[in-house]
>>> print(open('entry-v2.txt').read())   # compact mmCIF, C-alpha atoms
# COMPACT_ATOMS: atom_id res chain seq x y z
CA MET A 5 4.09 -74.90 -64.81
CA GLY A 6 4.38 -71.84 -67.05
CA SER A 7 1.38 -70.08 -65.50
CA ARG A 8 2.66 -70.68 -61.95
CA ALA A 9 6.04 -69.09 -62.81
CA VAL A 10 4.29 -66.02 -64.21
CA ILE A 11 2.23 -65.61 -60.99
CA THR A 12 5.34 -65.96 -58.74
CA GLU A 13 7.21 -63.41 -60.82
CA ARG A 14 4.29 -60.93 -60.50
CA LYS A 15 4.24 -61.36 -56.69
CA LEU A 16 7.96 -60.74 -56.47
CA THR A 17 7.62 -57.60 -58.58
CA ARG A 18 4.84 -56.24 -56.36
CA LEU A 19 6.93 -56.97 -53.18
CA LEU A 20 9.93 -55.14 -54.55
CA ALA A 21 7.79 -52.14 -55.50
CA ALA A 22 6.31 -52.00 -51.99
CA LEU A 23 9.76 -52.07 -50.43
CA ALA A 24 10.93 -49.28 -52.73
CA ILE A 25 7.94 -47.09 -51.81
CA THR A 26 8.59 -47.73 -48.11
CA ALA A 27 12.25 -46.77 -48.49
CA LEU A 28 11.29 -43.55 -50.31
CA GLY A 29 8.78 -42.73 -47.59
CA CYS A 30 11.40 -43.16 -44.85
CA GLY A 31 13.75 -40.84 -46.64
CA GLN A 32 11.12 -38.13 -46.82
CA HIS A 33 10.22 -38.28 -43.06
CA PRO A 34 13.36 -38.78 -40.81
CA PRO A 35 12.75 -39.72 -37.11
CA SER A 36 12.63 -36.82 -34.59
CA ALA A 37 15.68 -36.18 -32.29
CA PRO A 38 15.40 -37.24 -28.59
CA PRO A 39 14.69 -34.42 -26.10
CA PRO A 40 17.62 -32.97 -24.13
CA PRO A 41 18.26 -34.78 -20.83
CA LYS A 42 16.86 -33.24 -17.68
CA VAL A 43 19.38 -32.30 -15.01
CA LYS A 44 19.32 -30.49 -11.68
CA ALA A 45 21.68 -27.54 -11.27
CA LEU A 46 22.41 -25.09 -8.49
CA HIS A 47 24.80 -22.30 -7.53
CA PRO A 48 27.76 -23.19 -5.29
CA VAL A 49 27.45 -22.11 -1.66
CA GLN A 50 29.81 -19.36 -0.53
CA ARG A 51 30.40 -18.81 3.18
CA GLU A 52 33.05 -18.50 5.88
CA VAL A 53 34.46 -21.85 6.97
CA MET A 54 37.34 -23.37 8.87
CA GLU A 55 39.07 -26.57 7.84
CA TRP A 56 39.85 -29.28 10.41
CA ASP A 57 42.64 -31.84 10.40
CA GLU A 58 42.01 -35.29 11.85
CA TYR A 59 44.47 -37.53 13.70
CA THR A 60 44.49 -40.73 15.71
CA ALA A 61 45.30 -39.95 19.33
CA ARG A 62 46.25 -42.06 22.35
CA LEU A 63 44.90 -41.04 25.75
CA ASP A 64 47.26 -40.83 28.72
CA ALA A 65 47.06 -39.74 32.35
CA VAL A 66 48.14 -36.26 33.36
CA ASP A 67 49.63 -37.58 36.63
CA SER A 68 50.90 -41.09 37.32
CA VAL A 69 52.51 -42.10 40.62
CA GLU A 70 54.19 -45.25 41.88
CA VAL A 71 53.32 -45.61 45.56
CA ARG A 72 56.38 -46.73 47.54
CA PRO A 73 57.03 -46.62 51.30
CA ARG A 74 59.62 -44.28 52.80
CA VAL A 75 60.27 -46.48 55.83
CA SER A 76 60.75 -50.22 56.23
CA GLY A 77 58.61 -52.54 58.31
CA TYR A 78 55.85 -55.11 58.27
CA LEU A 79 52.73 -54.19 56.32
CA GLN A 80 49.97 -54.13 58.90
CA SER A 81 46.85 -53.29 56.86
CA VAL A 82 45.54 -52.17 53.46
CA HIS A 83 42.83 -49.49 53.39
CA PHE A 84 41.54 -49.39 49.79
CA LYS A 85 39.88 -51.72 47.31
CA ASP A 86 41.71 -52.75 44.18
CA GLY A 87 40.89 -50.35 41.33
CA ALA A 88 39.07 -47.87 43.58
CA LEU A 89 38.95 -44.11 43.17
CA VAL A 90 41.02 -42.41 45.88
CA LYS A 91 41.50 -38.82 46.94
CA LYS A 92 44.75 -37.10 47.75
CA GLY A 93 45.64 -37.81 51.39
CA ASP A 94 43.55 -40.99 51.73
CA LEU A 95 45.20 -43.74 53.78
CA LEU A 96 46.23 -46.63 51.53
CA PHE A 97 48.65 -48.76 53.59
CA LEU A 98 49.66 -48.88 57.25
CA ILE A 99 53.11 -50.11 58.25
CA ASP A 100 53.48 -51.42 61.81
CA PRO A 101 54.09 -48.15 63.69
CA ARG A 102 55.25 -49.54 67.07
CA PRO A 103 59.01 -49.46 66.40
CA TYR A 104 58.72 -45.87 65.19
CA GLU A 105 56.56 -44.85 68.15
CA ALA A 106 59.30 -46.15 70.44
CA ALA A 107 61.94 -44.29 68.45
CA GLU A 108 59.88 -41.09 68.77
CA ARG A 109 59.66 -41.47 72.56
CA HIS A 110 63.42 -42.05 72.71
CA ALA A 111 64.01 -38.90 70.69
CA GLU A 112 61.67 -36.93 72.96
CA ALA A 113 63.64 -38.10 76.00
CA ASP A 114 66.94 -37.15 74.41
CA ASN A 115 65.51 -33.74 73.58
CA ALA A 116 64.32 -33.24 77.15
CA LEU A 117 67.77 -34.26 78.50
CA ALA A 118 69.52 -31.84 76.13
CA ARG A 119 67.23 -28.99 77.18
CA SER A 120 67.87 -29.74 80.85
CA ARG A 121 71.61 -29.62 80.31
CA LEU A 122 71.26 -26.36 78.41
CA ASP A 123 69.26 -24.85 81.28
CA LEU A 124 71.95 -25.86 83.80
CA ALA A 125 74.75 -24.55 81.60
CA ARG A 126 73.02 -21.18 81.23
CA LYS A 127 72.58 -20.88 85.02
CA ASN A 128 76.24 -21.73 85.65
CA PHE A 129 77.32 -19.16 83.08
CA ALA A 130 75.09 -16.52 84.69
CA ARG A 131 76.70 -17.16 88.06
CA ALA A 132 80.13 -16.99 86.48
CA ALA A 133 79.42 -13.50 85.19
CA GLY A 134 78.86 -12.19 88.75
CA LEU A 135 81.86 -14.05 90.18
CA LEU A 136 84.10 -12.75 87.45
CA GLN A 137 83.33 -9.16 88.41
CA THR A 138 84.48 -9.88 91.99
CA HIS A 139 87.47 -11.86 90.71
CA ALA A 140 86.13 -14.96 92.48
CA ILE A 141 86.83 -17.02 89.33
CA SER A 142 89.28 -16.64 86.54
CA GLN A 143 88.51 -15.52 83.01
CA GLU A 144 89.35 -19.00 81.82
CA GLU A 145 86.69 -20.55 84.03
CA SER A 146 84.13 -18.07 82.69
CA ASP A 147 85.05 -18.94 79.12
CA ILE A 148 84.67 -22.64 79.85
CA ARG A 149 81.18 -22.12 81.22
CA GLU A 150 80.24 -20.02 78.17
CA SER A 151 81.50 -22.79 75.88
CA THR A 152 79.43 -25.30 77.84
CA VAL A 153 76.35 -23.22 77.06
CA ARG A 154 77.17 -23.25 73.35
CA GLN A 155 77.66 -27.01 73.41
CA ALA A 156 74.37 -27.52 75.23
CA GLU A 157 72.58 -25.36 72.66
CA ALA A 158 74.04 -27.46 69.85
CA SER A 159 72.96 -30.63 71.66
CA VAL A 160 69.41 -29.28 71.90
CA ALA A 161 69.36 -28.50 68.17
CA GLU A 162 70.65 -32.01 67.42
CA ALA A 163 68.03 -33.57 69.70
CA GLU A 164 65.23 -31.52 68.07
CA ALA A 165 66.38 -32.63 64.62
CA ALA A 166 66.41 -36.25 65.76
CA LEU A 167 62.91 -35.81 67.20
CA ASP A 168 61.65 -34.31 63.92
CA ALA A 169 63.13 -37.26 62.00
CA ALA A 170 61.48 -39.72 64.38
CA LYS A 171 58.13 -37.98 63.93
CA LEU A 172 58.52 -38.10 60.15
CA ASP A 173 59.34 -41.81 60.25
CA LEU A 174 56.25 -42.42 62.35
CA GLU A 175 54.18 -40.35 59.91
CA PHE A 176 55.59 -42.32 56.97
CA THR A 177 54.17 -45.53 58.43
CA ARG A 178 50.86 -44.21 57.07
CA VAL A 179 51.22 -44.49 53.29
CA THR A 180 48.70 -42.03 51.81
CA ALA A 181 47.61 -41.21 48.26
CA PRO A 182 49.87 -38.48 46.82
CA ILE A 183 47.28 -37.58 44.13
CA SER A 184 43.60 -38.08 43.43
CA GLY A 185 42.74 -40.69 40.84
CA ARG A 186 42.20 -44.40 40.35
CA ALA A 187 44.41 -46.86 42.20
CA SER A 188 45.62 -50.12 40.72
CA ARG A 189 45.59 -53.39 42.67
CA LYS A 190 47.68 -53.88 45.82
CA LEU A 191 50.99 -55.51 44.95
CA VAL A 192 51.86 -56.54 48.52
CA THR A 193 49.58 -58.23 51.03
CA GLU A 194 49.43 -57.76 54.79
CA GLY A 195 52.16 -59.35 56.85
CA ASN A 196 54.96 -58.93 54.34
CA LEU A 197 58.15 -57.07 55.15
CA ILE A 198 58.49 -54.06 52.87
CA ASN A 199 61.54 -51.92 52.30
CA GLY A 200 61.51 -48.15 52.44
CA GLY A 201 63.93 -45.87 50.70
CA VAL A 202 64.49 -43.08 48.23
CA GLY A 203 63.45 -43.39 44.57
CA THR A 204 62.95 -46.93 43.32
CA GLN A 205 64.62 -48.55 46.35
CA GLY A 206 61.30 -48.84 48.16
CA THR A 207 58.93 -51.73 47.57
CA LEU A 208 56.28 -50.92 44.94
CA LEU A 209 52.90 -51.11 46.67
CA THR A 210 50.51 -49.87 43.93
CA THR A 211 50.13 -47.16 41.30
CA ILE A 212 47.68 -44.26 40.97
CA ILE A 213 46.74 -42.35 37.82
CA SER A 214 44.71 -39.16 37.55
CA LEU A 215 41.62 -39.20 35.31
CA ASP A 216 40.23 -35.67 35.06
CA PRO A 217 41.47 -34.00 32.94
CA ILE A 218 43.30 -36.38 30.60
CA TYR A 219 45.93 -35.99 27.87
CA ALA A 220 45.48 -36.93 24.20
CA TYR A 221 48.79 -37.43 22.36
CA PHE A 222 49.02 -37.56 18.56
CA ASP A 223 51.68 -37.41 15.84
CA ALA A 224 51.53 -34.79 13.07
CA ASP A 225 53.50 -35.37 9.88
CA GLU A 226 56.08 -33.00 8.44
CA ARG A 227 53.75 -31.39 5.88
CA SER A 228 51.16 -30.64 8.54
CA PHE A 229 53.80 -29.18 10.84
CA LEU A 230 55.06 -26.88 8.09
CA LYS A 231 51.48 -25.85 7.27
CA TYR A 232 50.82 -24.87 10.88
CA VAL A 233 54.07 -22.90 11.08
CA ARG A 234 53.24 -20.92 7.94
CA LEU A 235 49.67 -20.28 9.09
CA ALA A 236 51.02 -18.93 12.38
CA ASN A 237 53.59 -16.75 10.60
CA SER A 238 50.91 -15.28 8.33
CA GLY A 239 48.53 -14.68 11.24
CA GLU A 240 45.79 -16.90 9.78
CA ARG A 241 45.89 -19.40 12.64
CA PRO A 242 47.71 -19.00 15.99
CA SER A 243 50.39 -21.47 16.95
CA SER A 244 49.42 -24.18 19.41
CA ARG A 245 52.61 -23.44 21.32
CA GLU A 246 51.29 -20.04 22.44
CA HIS A 247 47.52 -20.40 22.00
CA ARG A 248 44.99 -22.90 23.29
CA ASN A 249 43.65 -23.96 19.91
CA PRO A 250 40.40 -25.93 20.30
CA VAL A 251 40.35 -29.68 19.68
CA HIS A 252 37.52 -32.20 19.57
CA ILE A 253 37.77 -35.94 20.10
CA GLY A 254 35.53 -38.94 19.64
CA LEU A 255 35.87 -42.52 20.88
CA ALA A 256 35.47 -45.67 18.81
CA ASP A 257 31.77 -46.03 19.69
CA GLU A 258 30.89 -42.34 19.36
CA GLU A 259 29.69 -40.47 16.28
CA GLY A 260 31.50 -37.31 15.32
CA PHE A 261 33.62 -35.47 17.85
CA PRO A 262 31.44 -34.79 20.91
CA ARG A 263 34.20 -34.00 23.44
CA GLU A 264 36.03 -30.69 23.53
CA GLY A 265 39.44 -29.71 24.80
CA PHE A 266 42.41 -27.57 23.82
CA MET A 267 46.02 -27.87 22.73
CA ASP A 268 48.56 -27.40 25.51
CA PHE A 269 51.88 -28.77 24.16
CA VAL A 270 53.87 -29.26 20.95
CA ASP A 271 57.23 -31.00 21.10
CA ASN A 272 60.44 -29.13 20.29
CA GLN A 273 61.62 -31.37 17.43
CA LEU A 274 60.48 -33.92 14.88
CA ASP A 275 61.32 -37.58 15.27
CA ARG A 276 64.09 -38.39 12.82
CA GLY A 277 62.89 -41.94 12.35
CA THR A 278 59.23 -41.22 11.60
CA GLY A 279 59.31 -37.59 10.45
CA THR A 280 56.52 -36.68 12.85
CA ILE A 281 56.16 -34.32 15.79
CA VAL A 282 54.23 -35.01 18.99
CA GLY A 283 51.29 -32.80 19.92
CA ARG A 284 49.22 -32.96 23.07
CA ALA A 285 45.70 -31.85 23.96
CA LEU A 286 44.10 -31.54 27.39
CA ILE A 287 40.57 -32.98 27.55
CA PRO A 288 38.14 -32.56 30.47
CA ASN A 289 36.84 -35.91 31.70
CA PRO A 290 34.15 -35.22 34.31
CA ASP A 291 32.28 -38.48 33.65
CA LEU A 292 35.53 -40.50 33.79
CA THR A 293 34.68 -42.25 30.51
CA LEU A 294 38.07 -41.50 29.04
CA ALA A 295 40.78 -43.83 30.29
CA PRO A 296 44.55 -43.89 29.69
CA GLY A 297 45.46 -46.19 26.81
CA LEU A 298 42.30 -45.65 24.75
CA PHE A 299 42.52 -44.62 21.12
CA ALA A 300 40.49 -41.59 20.02
CA ARG A 301 39.80 -39.65 16.85
CA LEU A 302 41.04 -36.09 17.23
CA ARG A 303 40.56 -32.99 15.11
CA LEU A 304 42.04 -29.53 15.38
CA PRO A 305 41.87 -26.39 13.22
CA GLY A 306 43.78 -26.88 9.98
CA SER A 307 43.25 -23.35 8.68
CA GLY A 308 41.98 -19.94 9.63
CA LEU A 309 38.49 -18.71 8.78
CA TYR A 310 38.09 -17.95 5.06
CA GLN A 311 35.41 -17.53 2.39
CA ALA A 312 34.98 -20.86 0.64
CA VAL A 313 33.02 -22.13 -2.36
CA LEU A 314 31.22 -25.40 -1.57
CA LEU A 315 29.32 -27.97 -3.64
CA PRO A 316 27.55 -31.25 -2.90
CA ASP A 317 30.01 -34.08 -3.28
CA GLU A 318 27.83 -35.82 -5.89
CA ALA A 319 28.37 -32.91 -8.29
CA ILE A 320 32.09 -33.67 -8.56
CA GLY A 321 33.28 -36.35 -10.96
CA SER A 322 36.62 -38.08 -11.37
CA ASP A 323 38.56 -38.38 -14.62
CA GLN A 324 41.52 -40.53 -13.57
CA SER A 325 43.38 -38.20 -11.18
CA GLN A 326 41.49 -35.09 -12.32
CA LYS A 327 38.37 -33.82 -10.56
CA PHE A 328 35.75 -32.01 -12.66
CA VAL A 329 32.22 -30.59 -12.67
CA TYR A 330 29.70 -29.92 -15.43
CA VAL A 331 28.65 -26.26 -15.79
CA VAL A 332 25.40 -25.24 -17.50
CA THR A 333 26.23 -22.32 -19.80
CA ASP A 334 23.93 -19.40 -20.61
CA ASP A 335 22.79 -21.10 -23.84
CA GLY A 336 21.83 -24.27 -21.92
CA LYS A 337 24.78 -26.46 -22.92
CA ILE A 338 27.19 -28.48 -20.82
CA GLU A 339 30.75 -27.28 -20.22
CA TYR A 340 33.47 -29.50 -18.73
CA ARG A 341 35.35 -27.70 -15.93
CA ALA A 342 38.41 -29.05 -14.08
CA VAL A 343 38.42 -28.17 -10.36
CA LYS A 344 40.67 -28.42 -7.31
CA ILE A 345 38.86 -29.66 -4.23
CA GLY A 346 39.36 -29.53 -0.48
CA PRO A 347 37.81 -31.34 2.49
CA LEU A 348 34.19 -32.12 3.22
CA ILE A 349 32.54 -29.63 5.58
CA ASP A 350 29.06 -30.53 6.80
CA GLY A 351 28.43 -32.70 3.74
CA LEU A 352 29.63 -30.08 1.24
CA ARG A 353 32.92 -30.27 -0.61
CA VAL A 354 35.24 -27.26 -0.63
CA VAL A 355 36.15 -26.27 -4.20
CA ARG A 356 39.38 -24.33 -4.11
CA ASP A 357 39.54 -23.43 -7.81
CA GLY A 358 37.56 -23.89 -11.03
CA VAL A 359 34.08 -22.47 -10.39
CA THR A 360 32.49 -19.27 -9.14
CA PRO A 361 29.39 -18.78 -6.96
CA ALA A 362 27.49 -17.28 -9.94
CA GLU A 363 27.68 -20.40 -12.14
CA TRP A 364 25.15 -23.21 -12.41
CA ILE A 365 26.63 -26.61 -11.57
CA VAL A 366 25.00 -29.93 -12.47
CA VAL A 367 24.34 -31.91 -9.26
CA SER A 368 21.88 -34.53 -10.49
CA GLY A 369 21.98 -36.41 -13.79
CA VAL A 370 25.76 -36.06 -14.19
CA GLN A 371 26.01 -39.50 -15.81
CA ARG A 372 23.56 -38.57 -18.62
CA VAL A 373 25.38 -35.53 -20.02
CA ARG A 374 28.47 -34.85 -22.11
CA PRO A 375 30.41 -31.64 -22.84
CA GLY A 376 28.69 -29.49 -25.48
CA GLN A 377 25.36 -31.28 -25.07
CA PRO A 378 22.18 -29.16 -24.59
CA VAL A 379 20.27 -29.96 -21.41
CA ASP A 380 16.98 -29.16 -19.76
CA ALA A 381 18.29 -27.73 -16.47
CA GLN A 382 16.14 -27.41 -13.35
CA ARG A 383 17.75 -24.60 -11.39
CA ASP A 384 17.33 -24.93 -7.60
CA ALA A 385 18.50 -22.91 -4.64
CA PRO A 386 21.40 -24.52 -2.74
CA ASP A 387 20.85 -26.15 0.65
CA ALA A 388 22.35 -23.68 3.08
CA LYS A 389 23.57 -25.68 6.07
CA PRO A 390 25.89 -24.45 8.83
CA ALA A 391 29.45 -25.30 7.95
CA ASP A 392 31.18 -25.51 11.32
CA GLN A 393 30.99 -29.26 11.80
CA PRO A 394 33.19 -31.36 9.50
CA ARG A 395 32.23 -34.90 8.70
>>> encode(input="entry-v2.txt", output="structure tokens")
Amino acid sequence: MGSRAVITERKLTRLLAALAITALGCGQHPPSAPPPPKVKALHPVQREVMEWDEYTARLDAVDSVEVRPRVSGYLQSVHFKDGALVKKGDLLFLIDPRPYEAAERHAEADNALARSRLDLARKNFARAAGLLQTHAISQEESDIRESTVRQAEASVAEAEAALDAAKLDLEFTRVTAPISGRASRKLVTEGNLINGGVGTQGTLLTTIISLDPIYAYFDADERSFLKYVRLANSGERPSSREHRNPVHIGLADEEGFPREGFMDFVDNQLDRGTGTIVGRALIPNPDLTLAPGLFARLRLPGSGLYQAVLLPDEAIGSDQSQKFVYVVTDDGKIEYRAVKIGPLIDGLRVVRDGVTPAEWIVVSGVQRVRPGQPVDAQRDAPDAKPADQPR
């Protein structure tokens, strides 16, 4: 037992000595520091850009007409298909014209009778002039014959007016398209008695809306309205009241804003309930794809042309509500820089304040660096894309 204890004690002593030597060796040779992280950096792009504001617009027809008859009668025939495209002047409905043809013939007869009486009155007055010179008739008789002429002339004018009215009534039995566009369905079928009249008194037969061009209505908020007013006052961007500012729209199934138009109306006051003002754009629609009632995405110039500093969006980080970038200093270290940003233009973010075009901004490896940390920066040239198409 005694010899075994001596051996165990010797082994323990040797183990402790080895550990002590190892600890001394570690203290003499500390581990090497990790290499600085590799990052990609580039200069911000500087070029002339224009900002665009986006809205949700509702399309509406430029012209919309309710087709109503001007005369009453039985509907004889319908001359269009429901939902068809019609041109101005096309025959849509025909009201039984026979009563109005008879009324026109009656008016023509009355007009002929009035003209015959006028002719006789003029002849009698001409004879009276010669008889008066020979004192064969009195002055009173001559005056009576002259008055008869005036009465006959008035009767002719009345008969001509009645004939014109009869011709108009006969013409109104042909209900034609007042505008070109797309007709709705017929609301009255053949054989029904329809009422004519002024305004909404007549029976509604159908409706027609124009399609090319088409309106796009949108609501701009109070801040946007004030921005546009100040831009117009400073001369940076003309007012849409006096200038046809360009607009672009895109439908729900379209990418970007492929359709072009221009502003043609801004309302005269803001809505007190919503705090918005109505704007309107006119959009060509040659392919008739746009239809009243559709929603569309609309953009219009939100600024004048100006020199902007732009960066890839991945270079910009968020620190709660603060936006920032990492700048590579001349000695190769990272500097935290707070920035103010603007909209995206062609995939690049406008940086309104915080960096200059001469500085190197970290765009790749942002998550691996911290302020004051040295880095191995790969400096690349920026991707110079055209900046006239916002995303």
>>> atom_distance(input="entry-v2.txt", atom1="CA of Thr152 in chain A", atom2="CA of Lys171 in chain A")
28.4 Å
>>> closest_residue(input="entry-v2.txt", among="A:Lys92, A:Arg154, A:Arg234, A:Arg372", to="Ala118 in chain A", atoms="all atoms listed in the file")
A:Arg154
>>> atom_distance(input="entry-v2.txt", atom1="CA of Asp216 in chain A", atom2="CA of Val270 in chain A")
20.6 Å
>>> closest_residue(input="entry-v2.txt", among="A:Ile281, A:Leu302, A:Leu174, A:Val233", to="Glu58 in chain A", atoms="only C-alpha atoms")
A:Leu302
>>> atom_distance(input="entry-v2.txt", atom1="CA of Val313 in chain A", atom2="CA of Asp334 in chain A")
20.6 Å
>>> closest_residue(input="entry-v2.txt", among="A:Leu292, A:Ala187, A:Ala65, A:Val355", to="Pro316 in chain A", atoms="only C-alpha atoms")
A:Val355
